[in-house]
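Take a look at the structure below.
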Amino acid sequence: MKNLTPPLPPLKSVRLLDQLRERIRYLHYTISTEQTYVYWVKGFIRFHGVRHPAEMGRAEIEAFLSWLANERRVAVSTHKQALSALLFLYGKVLGVDLPWMNDIGRPRTKRRLPVVLTPDEVARLLCLMAGEHRLLAQLLYGTGMRINEGLQLRVKDIDFERRTVIVREGKGGKDRAVMLPESLIRPLREQLARARVLWADDCRCGRAGVEMPDALARKYPRAGASWAWFWVFPQADVSVDPRSGVVRRHHMYDQTFQRAFKRAVTCTGLTKLATPHTLRHSFATALLQSGYDIRTVQELLGHADVATTMIYTHVLKVGGGGVRSPMDALPAPGLSP
């Protein structure tokens with residue numbers, strides 16, 4: 001293995017996992033990525049009898065990845081996740097080049113058609129949800145936002161006058177603008193009124209403001225406590241920030257919303273394996289069915305490549321708007337041609 005000299009500052013932490021966390025935070029990775037990478041590095045170390053990764057190399061990494069694929073039979077995305085964690089550990093933390101990593105067989109991603117709900121199914125689903133969970137689901141379907149983009153929405157990012165929602169720091173760190181459904185203007189104003197009560201209570205109790213992106217908390221110390229930066233969907237209770245240890249109010253937890261969504265799907269009796277992300281798929285398909293061009297849908301979804309958006313055209317081809325089956329052209333039994 002060949003040592004690298006990456007343009008990264010020296011690590012201050014002593015323990016390996018602390019070094020991993022330090023490097024992840026320096027590179028501004030999300031908390032979910034940090035938790036995922038720590039999980040896989042722990043698993044790699046335990047798999048090899050608590051040996052230090054610096055003492056291991058190609059054989060040990062291949063053995064771990066093979067065990068995941070053959071014994072654990074993990075999904076392709078999970079396998080790639082573990083591989084990314086190990087690449088980050090060796091390249092960014094240990095500063096070691098692994099030129100042979102290109103020779104390791106990587107699982108091919110299977111092309112899957114997304115699960116899509118019809119407008120009638122979406123309406124039935126929304127009727128079985130209530131309160132903030134229902135409004136968030138409506139917003140995801142009405143704008144095509146990802147679940148984290150909806151949860152991390154700030155008060156300042158909703159422009160009622162222009163009927164626009166600004167999605168900040170979307171996938172790939174990109175901002176984009178999406179439409180604000182007219183039918184959700186009143187419910188969103190009511191939601192902001194409820195959120196303002198929680199914001200006022202935090203101010204009265206002297207709690208720390210909401211989490212701020214990057215270094216804005218140092219540049220604008222009071223911004224986190226301002227109404228403009230408050231969450232549109234705040235959590236009812238305060239919690240401890242896992243990184244700073246500060247007690248503050250977080251936005252609604254994704255697990256909370258996902259459980260509410262799953263209950264609604266079960267109650268509707270749908271056989272489709274719908275998740276909150278299905279609302280985004282349904283949004284895109286509905287726009288294409290309405291005649292909007294693929295580039296417009298691409299921009300609204302925030303896709304870097306139009307090829308990603310093209311997957312929804314395949315859904316339409318096999319659906320009711322696709323080719324007519326020859327089975328439907330057969331004459332009825334017993335009738336002469």
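Residues in the structure tokens are named by chain (A, B, ... in the order shown) and by number from 1 within that chain; ligands are numbered from 1 in the order shown.
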
If we count only C-alpha atoms, what is near range 158-173 of chain A at a cut-off of 7 Å, once residues fewer than 6 positions away on the same chain are taken out, given as an NGL selection string? :A and (149 or 179-180)

Selection above as a file: all heavy atoms, as an mmCIF file, in the first residue's frame:
```
data_model
loop_
_atom_site.group_PDB
_atom_site.id
_atom_site.type_symbol
_atom_site.label_atom_id
_atom_site.label_comp_id
_atom_site.auth_asym_id
_atom_site.auth_seq_id
_atom_site.Cartn_x
_atom_site.Cartn_y
_atom_site.Cartn_z
ATOM 1 N N GLU A 149 -35.834 16.784 2.169
ATOM 2 C CA GLU A 149 -35.991 18.162 1.709
ATOM 3 C C GLU A 149 -37.241 18.791 2.322
ATOM 4 O O GLU A 149 -37.246 19.971 2.672
ATOM 5 C CB GLU A 149 -36.068 18.189 0.188
ATOM 6 C CG GLU A 149 -34.763 17.788 -0.490
ATOM 7 C CD GLU A 149 -34.900 17.598 -1.993
ATOM 8 O OE1 GLU A 149 -36.045 17.498 -2.469
ATOM 9 O OE2 GLU A 149 -33.861 17.529 -2.673
ATOM 10 N N MET A 179 -42.883 24.531 -7.397
ATOM 11 C CA MET A 179 -44.153 25.236 -7.247
ATOM 12 C C MET A 179 -44.760 25.013 -5.863
ATOM 13 O O MET A 179 -44.550 23.961 -5.247
ATOM 14 C CB MET A 179 -45.147 24.796 -8.319
ATOM 15 C CG MET A 179 -45.804 23.440 -8.068
ATOM 16 S SD MET A 179 -44.673 22.037 -8.266
ATOM 17 C CE MET A 179 -44.655 21.943 -10.045
ATOM 18 N N LEU A 180 -45.484 25.987 -5.370
ATOM 19 C CA LEU A 180 -46.254 25.841 -4.130
ATOM 20 C C LEU A 180 -47.703 25.584 -4.521
ATOM 21 O O LEU A 180 -48.363 26.467 -5.080
ATOM 22 C CB LEU A 180 -46.148 27.104 -3.271
ATOM 23 C CG LEU A 180 -47.043 27.162 -2.027
ATOM 24 C CD1 LEU A 180 -46.724 26.013 -1.082
ATOM 25 C CD2 LEU A 180 -46.880 28.499 -1.300
#
```

Using only C-alpha atoms, which protein or nucleic acid residues come within 7 Å of range 271-276 of chain A? Drop anything in the same chain fewer than 6 positions from it, and give the result as a PyMOL selection string. chain A and resi 115+147+258+261

Next, the residues of the selection above should be written as a PDB file, in the first residue's frame with C-alpha atoms.
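Generated output (selection.pdb):
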```pdb
ATOM      1  CA  VAL A 115     -43.583   2.207  -7.619  1.00  0.00           C
ATOM      2  CA  ILE A 147     -38.564  13.418   2.338  1.00  0.00           C
ATOM      3  CA  GLN A 258     -42.458   7.002   7.790  1.00  0.00           C
ATOM      4  CA  PHE A 261     -47.195   6.766   6.197  1.00  0.00           C
TER       5      PHE A 261
END
```

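Nearest to His28 in chain A of all the residues A:Asp293, A:Ala264, A:Ser239, A:Pro213 is A:Pro213, based on only C-alpha atoms.
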
Could you find all residues in range 42-218 of chain A that DSSP calls alpha helix (DSSP H) from the backbone, and write them as a PyMOL selection string? chain A and resi 42-47+58-70+76-88+119-127+131-143+147-151+185-205+216-218

Considering only C-alpha atoms, state which residue in the set A:Val93, A:Ala63, A:Ala123, A:Leu86 is at the smallest distance from Asp18 in chain A. A:Val93

DSSP strand (DSSP E or B) residues within range 48-168 of chain A, listed as a ChimeraX atom specification: /A:96-97,154,158-159,164-167

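Summary of the local environment: counting only C-alpha atoms, residues at most 12 Å from Phe47 in chain A, other than itself and those fewer than 2 positions away along its chain, are Trp40, Val41, Lys42, Gly43, Phe44, Ile45, Gly49, Val50, Arg51, His52, Pro53, Met56, Glu60, Ile61, Glu62, Ala63, Phe64, Leu65, Ser66, Trp67 and Leu68 of chain A.
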
Could you give me, as a PyMOL selection string, the residues within 9 Å of His281 in chain A, counting only C-alpha atoms and dropping anything in the same chain fewer than 2 positions from it? chain A and resi 114-117+141+144+277-279+283-286+312

For Leu20 in chain A, please output as a ChimeraX atom specification all residues within 9 Å (counting only C-alpha atoms; exclusion window: fewer than 5 positions along the same chain). /A:13,15,25,34,37-38,88-89,92-93

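The smallest atom-to-atom distance between Phe257 in chain A and any of A:Val315, A:Val232, A:Leu184, A:Leu136, using only C-alpha atoms, is found for A:Leu136.
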
Which neighbours of Leu192 in chain A fall inside 9 Å, counting only C-alpha atoms, when residues of the same chain fewer than 6 positions from it are skipped, and could you give them as a PyMOL selection string? chain A and resi 155+231-233

Got time to write the residues from that selection, N, CA and C atoms, as an mmCIF file, in the first residue's frame?
```cif
data_model
loop_
_atom_site.group_PDB
_atom_site.id
_atom_site.type_symbol
_atom_site.label_atom_id
_atom_site.label_comp_id
_atom_site.auth_asym_id
_atom_site.auth_seq_id
_atom_site.Cartn_x
_atom_site.Cartn_y
_atom_site.Cartn_z
ATOM 1 N N VAL A 155 -38.840 28.369 7.375
ATOM 2 C CA VAL A 155 -39.909 29.346 7.162
ATOM 3 C C VAL A 155 -39.566 30.279 6.004
ATOM 4 N N TRP A 231 -37.936 25.763 11.667
ATOM 5 C CA TRP A 231 -38.461 24.678 10.847
ATOM 6 C C TRP A 231 -39.946 24.874 10.524
ATOM 7 N N VAL A 232 -40.354 24.505 9.340
ATOM 8 C CA VAL A 232 -41.775 24.495 8.995
ATOM 9 C C VAL A 232 -42.471 23.341 9.708
ATOM 10 N N PHE A 233 -41.749 22.216 9.853
ATOM 11 C CA PHE A 233 -42.294 21.050 10.540
ATOM 12 C C PHE A 233 -41.407 20.721 11.752
#
```

For each of A:Ala195, A:Val210, A:Leu27, A:Ala85, take the minimum atom-to-atom distance to Ala236 in chain A, counting only C-alpha atoms, then give the residue where this is smallest. A:Ala195

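Counting only C-alpha atoms and comparing A:Ala137, A:Val178, A:Ala82, A:Leu113, the residue that lies closest to Lys262 in chain A is A:Ala137.
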
Non-local contacts of range 246-252 of chain A (9 Å; only C-alpha atoms; under 5 positions in same chain excluded) as an mmCIF file with all heavy atoms, in the first residue's frame:
```
data_model
loop_
_atom_site.group_PDB
_atom_site.id
_atom_site.type_symbol
_atom_site.label_atom_id
_atom_site.label_comp_id
_atom_site.auth_asym_id
_atom_site.auth_seq_id
_atom_site.Cartn_x
_atom_site.Cartn_y
_atom_site.Cartn_z
ATOM 1 N N LEU A 151 -38.681 17.778 5.236
ATOM 2 C CA LEU A 151 -38.493 17.885 6.681
ATOM 3 C C LEU A 151 -37.596 19.069 7.049
ATOM 4 O O LEU A 151 -37.792 19.709 8.079
ATOM 5 C CB LEU A 151 -37.879 16.588 7.221
ATOM 6 C CG LEU A 151 -38.777 15.353 7.202
ATOM 7 C CD1 LEU A 151 -37.977 14.110 7.574
ATOM 8 C CD2 LEU A 151 -39.957 15.515 8.148
ATOM 9 N N GLN A 152 -36.599 19.371 6.219
ATOM 10 C CA GLN A 152 -35.637 20.425 6.515
ATOM 11 C C GLN A 152 -36.062 21.790 5.984
ATOM 12 O O GLN A 152 -35.276 22.733 5.987
ATOM 13 C CB GLN A 152 -34.272 20.049 5.937
ATOM 14 C CG GLN A 152 -33.680 18.809 6.577
ATOM 15 C CD GLN A 152 -32.436 18.303 5.860
ATOM 16 O OE1 GLN A 152 -31.895 18.969 4.988
ATOM 17 N NE2 GLN A 152 -31.982 17.115 6.240
ATOM 18 N N LEU A 153 -37.311 21.906 5.573
ATOM 19 C CA LEU A 153 -37.818 23.164 5.047
ATOM 20 C C LEU A 153 -37.846 24.229 6.145
ATOM 21 O O LEU A 153 -38.283 23.971 7.267
ATOM 22 C CB LEU A 153 -39.218 22.946 4.489
ATOM 23 C CG LEU A 153 -39.722 23.908 3.406
ATOM 24 C CD1 LEU A 153 -38.816 23.885 2.194
ATOM 25 C CD2 LEU A 153 -41.148 23.535 3.019
ATOM 26 N N LEU A 198 -44.241 27.158 19.030
ATOM 27 C CA LEU A 198 -43.074 26.437 19.533
ATOM 28 C C LEU A 198 -41.831 27.319 19.493
ATOM 29 O O LEU A 198 -40.998 27.284 20.403
ATOM 30 C CB LEU A 198 -42.843 25.164 18.710
ATOM 31 C CG LEU A 198 -43.946 24.110 18.783
ATOM 32 C CD1 LEU A 198 -43.614 22.938 17.855
ATOM 33 C CD2 LEU A 198 -44.134 23.615 20.206
ATOM 34 N N TRP A 199 -41.696 28.109 18.435
ATOM 35 C CA TRP A 199 -40.560 29.020 18.328
ATOM 36 C C TRP A 199 -40.574 30.048 19.460
ATOM 37 O O TRP A 199 -39.540 30.320 20.082
ATOM 38 C CB TRP A 199 -40.597 29.729 16.981
ATOM 39 C CG TRP A 199 -39.631 30.869 16.870
ATOM 40 C CD1 TRP A 199 -38.282 30.785 16.675
ATOM 41 C CD2 TRP A 199 -39.941 32.263 16.962
ATOM 42 N NE1 TRP A 199 -37.715 32.031 16.628
ATOM 43 C CE2 TRP A 199 -38.716 32.971 16.807
ATOM 44 C CE3 TRP A 199 -41.108 32.986 17.149
ATOM 45 C CZ2 TRP A 199 -38.654 34.362 16.843
ATOM 46 C CZ3 TRP A 199 -41.056 34.369 17.179
ATOM 47 C CH2 TRP A 199 -39.830 35.044 17.029
ATOM 48 N N ASP A 202 -39.464 28.460 22.665
ATOM 49 C CA ASP A 202 -38.010 28.290 22.713
ATOM 50 C C ASP A 202 -37.322 29.601 23.058
ATOM 51 O O ASP A 202 -36.355 29.625 23.834
ATOM 52 C CB ASP A 202 -37.490 27.766 21.367
ATOM 53 C CG ASP A 202 -37.885 26.326 21.111
ATOM 54 O OD1 ASP A 202 -38.323 25.654 22.070
ATOM 55 O OD2 ASP A 202 -37.771 25.875 19.966
ATOM 56 N N ARG A 207 -33.718 28.693 24.906
ATOM 57 C CA ARG A 207 -33.078 27.539 24.290
ATOM 58 C C ARG A 207 -32.220 27.964 23.098
ATOM 59 O O ARG A 207 -32.424 29.015 22.505
ATOM 60 C CB ARG A 207 -34.127 26.530 23.819
ATOM 61 C CG ARG A 207 -34.955 25.907 24.931
ATOM 62 C CD ARG A 207 -35.732 24.712 24.411
ATOM 63 N NE ARG A 207 -36.574 24.148 25.459
ATOM 64 C CZ ARG A 207 -37.864 24.403 25.590
ATOM 65 N NH1 ARG A 207 -38.469 25.204 24.725
ATOM 66 N NH2 ARG A 207 -38.567 23.860 26.575
ATOM 67 N N ALA A 208 -31.279 27.105 22.748
ATOM 68 C CA ALA A 208 -30.449 27.357 21.576
ATOM 69 C C ALA A 208 -31.316 27.326 20.328
ATOM 70 O O ALA A 208 -32.328 26.620 20.268
ATOM 71 C CB ALA A 208 -29.343 26.303 21.481
ATOM 72 N N GLY A 209 -30.934 28.094 19.337
ATOM 73 C CA GLY A 209 -31.688 28.126 18.102
ATOM 74 C C GLY A 209 -31.559 26.825 17.334
ATOM 75 O O GLY A 209 -30.842 25.905 17.735
ATOM 76 N N VAL A 210 -32.237 26.734 16.216
ATOM 77 C CA VAL A 210 -32.207 25.534 15.401
ATOM 78 C C VAL A 210 -30.830 25.371 14.765
ATOM 79 O O VAL A 210 -30.030 26.312 14.715
ATOM 80 C CB VAL A 210 -33.287 25.580 14.300
ATOM 81 C CG1 VAL A 210 -34.673 25.593 14.918
ATOM 82 C CG2 VAL A 210 -33.093 26.795 13.405
ATOM 83 N N GLU A 211 -30.555 24.174 14.300
ATOM 84 C CA GLU A 211 -29.267 23.894 13.660
ATOM 85 C C GLU A 211 -29.120 24.717 12.389
ATOM 86 O O GLU A 211 -30.048 24.846 11.600
ATOM 87 C CB GLU A 211 -29.173 22.402 13.330
ATOM 88 C CG GLU A 211 -27.867 21.993 12.693
ATOM 89 C CD GLU A 211 -27.870 20.541 12.260
ATOM 90 O OE1 GLU A 211 -28.940 19.899 12.360
ATOM 91 O OE2 GLU A 211 -26.811 20.055 11.827
ATOM 92 N N PHE A 230 -36.492 29.086 11.381
ATOM 93 C CA PHE A 230 -37.165 28.019 12.124
ATOM 94 C C PHE A 230 -37.741 26.996 11.146
ATOM 95 O O PHE A 230 -38.009 27.271 9.984
ATOM 96 C CB PHE A 230 -38.279 28.607 12.990
ATOM 97 C CG PHE A 230 -38.713 27.705 14.119
ATOM 98 C CD1 PHE A 230 -37.856 27.426 15.161
ATOM 99 C CD2 PHE A 230 -39.977 27.131 14.128
ATOM 100 C CE1 PHE A 230 -38.240 26.602 16.206
ATOM 101 C CE2 PHE A 230 -40.378 26.305 15.157
ATOM 102 C CZ PHE A 230 -39.502 26.042 16.213
ATOM 103 N N TRP A 231 -37.936 25.763 11.667
ATOM 104 C CA TRP A 231 -38.461 24.678 10.847
ATOM 105 C C TRP A 231 -39.946 24.874 10.524
ATOM 106 O O TRP A 231 -40.716 25.327 11.379
ATOM 107 C CB TRP A 231 -38.308 23.343 11.567
ATOM 108 C CG TRP A 231 -36.944 23.022 12.077
ATOM 109 C CD1 TRP A 231 -36.562 22.896 13.375
ATOM 110 C CD2 TRP A 231 -35.761 22.766 11.302
ATOM 111 N NE1 TRP A 231 -35.228 22.588 13.471
ATOM 112 C CE2 TRP A 231 -34.711 22.498 12.203
ATOM 113 C CE3 TRP A 231 -35.499 22.739 9.929
ATOM 114 C CZ2 TRP A 231 -33.417 22.209 11.777
ATOM 115 C CZ3 TRP A 231 -34.215 22.454 9.500
ATOM 116 C CH2 TRP A 231 -33.194 22.194 10.416
ATOM 117 N N VAL A 232 -40.354 24.505 9.340
ATOM 118 C CA VAL A 232 -41.775 24.495 8.995
ATOM 119 C C VAL A 232 -42.471 23.341 9.708
ATOM 120 O O VAL A 232 -43.619 23.471 10.151
ATOM 121 C CB VAL A 232 -41.960 24.376 7.468
ATOM 122 C CG1 VAL A 232 -43.444 24.232 7.108
ATOM 123 C CG2 VAL A 232 -41.370 25.589 6.771
ATOM 124 N N PHE A 233 -41.749 22.216 9.853
ATOM 125 C CA PHE A 233 -42.294 21.050 10.540
ATOM 126 C C PHE A 233 -41.407 20.721 11.752
ATOM 127 O O PHE A 233 -40.612 19.774 11.711
ATOM 128 C CB PHE A 233 -42.363 19.850 9.599
ATOM 129 C CG PHE A 233 -43.294 20.038 8.430
ATOM 130 C CD1 PHE A 233 -42.804 20.415 7.184
ATOM 131 C CD2 PHE A 233 -44.658 19.854 8.582
ATOM 132 C CE1 PHE A 233 -43.655 20.595 6.113
ATOM 133 C CE2 PHE A 233 -45.526 20.037 7.515
ATOM 134 C CZ PHE A 233 -45.021 20.412 6.272
ATOM 135 N N PRO A 234 -41.527 21.498 12.840
ATOM 136 C CA PRO A 234 -40.683 21.257 14.009
ATOM 137 C C PRO A 234 -41.153 20.059 14.824
ATOM 138 O O PRO A 234 -42.338 19.694 14.804
ATOM 139 C CB PRO A 234 -40.829 22.549 14.815
ATOM 140 C CG PRO A 234 -42.206 23.030 14.470
ATOM 141 C CD PRO A 234 -42.411 22.656 13.022
ATOM 142 N N GLN A 235 -40.215 19.441 15.519
ATOM 143 C CA GLN A 235 -40.537 18.358 16.435
ATOM 144 C C GLN A 235 -41.214 18.945 17.669
ATOM 145 O O GLN A 235 -40.878 20.040 18.114
ATOM 146 C CB GLN A 235 -39.261 17.594 16.822
ATOM 147 C CG GLN A 235 -39.477 16.355 17.651
ATOM 148 C CD GLN A 235 -40.153 15.232 16.878
ATOM 149 O OE1 GLN A 235 -40.239 15.278 15.652
ATOM 150 N NE2 GLN A 235 -40.637 14.240 17.588
ATOM 151 N N ALA A 236 -42.164 18.223 18.225
ATOM 152 C CA ALA A 236 -42.897 18.734 19.386
ATOM 153 C C ALA A 236 -41.998 18.877 20.610
ATOM 154 O O ALA A 236 -42.182 19.796 21.420
ATOM 155 C CB ALA A 236 -44.080 17.824 19.698
ATOM 156 N N ASP A 237 -41.018 17.976 20.756
ATOM 157 C CA ASP A 237 -40.124 18.010 21.915
ATOM 158 C C ASP A 237 -38.714 18.393 21.486
ATOM 159 O O ASP A 237 -38.299 18.152 20.350
ATOM 160 C CB ASP A 237 -40.080 16.634 22.601
ATOM 161 C CG ASP A 237 -41.462 16.166 23.039
ATOM 162 O OD1 ASP A 237 -42.218 17.018 23.544
ATOM 163 O OD2 ASP A 237 -41.775 14.979 22.857
ATOM 164 N N VAL A 238 -37.974 18.988 22.416
ATOM 165 C CA VAL A 238 -36.574 19.311 22.143
ATOM 166 C C VAL A 238 -35.731 18.050 22.316
ATOM 167 O O VAL A 238 -36.165 17.075 22.941
ATOM 168 C CB VAL A 238 -36.067 20.426 23.080
ATOM 169 C CG1 VAL A 238 -36.818 21.716 22.822
ATOM 170 C CG2 VAL A 238 -36.200 20.018 24.535
ATOM 171 N N SER A 239 -34.532 18.071 21.749
ATOM 172 C CA SER A 239 -33.645 16.911 21.830
ATOM 173 C C SER A 239 -32.199 17.383 21.885
ATOM 174 O O SER A 239 -31.910 18.564 21.716
ATOM 175 C CB SER A 239 -33.859 15.988 20.622
ATOM 176 O OG SER A 239 -33.643 16.687 19.415
ATOM 177 N N VAL A 240 -31.302 16.433 22.127
ATOM 178 C CA VAL A 240 -29.876 16.741 22.210
ATOM 179 C C VAL A 240 -29.241 16.548 20.841
ATOM 180 O O VAL A 240 -29.378 15.484 20.235
ATOM 181 C CB VAL A 240 -29.180 15.834 23.250
ATOM 182 C CG1 VAL A 240 -27.689 16.152 23.310
ATOM 183 C CG2 VAL A 240 -29.817 16.009 24.617
ATOM 184 N N ASP A 241 -28.560 17.561 20.352
ATOM 185 C CA ASP A 241 -27.866 17.474 19.077
ATOM 186 C C ASP A 241 -26.776 16.407 19.180
ATOM 187 O O ASP A 241 -25.917 16.483 20.061
ATOM 188 C CB ASP A 241 -27.239 18.824 18.726
ATOM 189 C CG ASP A 241 -26.714 18.854 17.297
ATOM 190 O OD1 ASP A 241 -25.792 18.073 17.000
ATOM 191 O OD2 ASP A 241 -27.217 19.667 16.500
ATOM 192 N N PHE A 257 -42.528 10.161 10.566
ATOM 193 C CA PHE A 257 -43.373 10.324 9.384
ATOM 194 C C PHE A 257 -43.512 9.014 8.628
ATOM 195 O O PHE A 257 -44.595 8.668 8.146
ATOM 196 C CB PHE A 257 -42.798 11.404 8.473
ATOM 197 C CG PHE A 257 -43.542 11.562 7.182
ATOM 198 C CD1 PHE A 257 -44.816 12.117 7.161
ATOM 199 C CD2 PHE A 257 -42.983 11.148 5.980
ATOM 200 C CE1 PHE A 257 -45.516 12.254 5.973
ATOM 201 C CE2 PHE A 257 -43.672 11.278 4.793
ATOM 202 C CZ PHE A 257 -44.939 11.844 4.788
#
```

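The coordinates place CA of Arg124 in chain A at 10.0 Å from CA of Gly269 in chain A.
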
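Take CA of Arg280 in chain A and CA of Arg146 in chain A: the distance between them is 6.7 Å.
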
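The space between CA of Arg263 in chain A and CA of Leu125 in chain A spans 9.7 Å.
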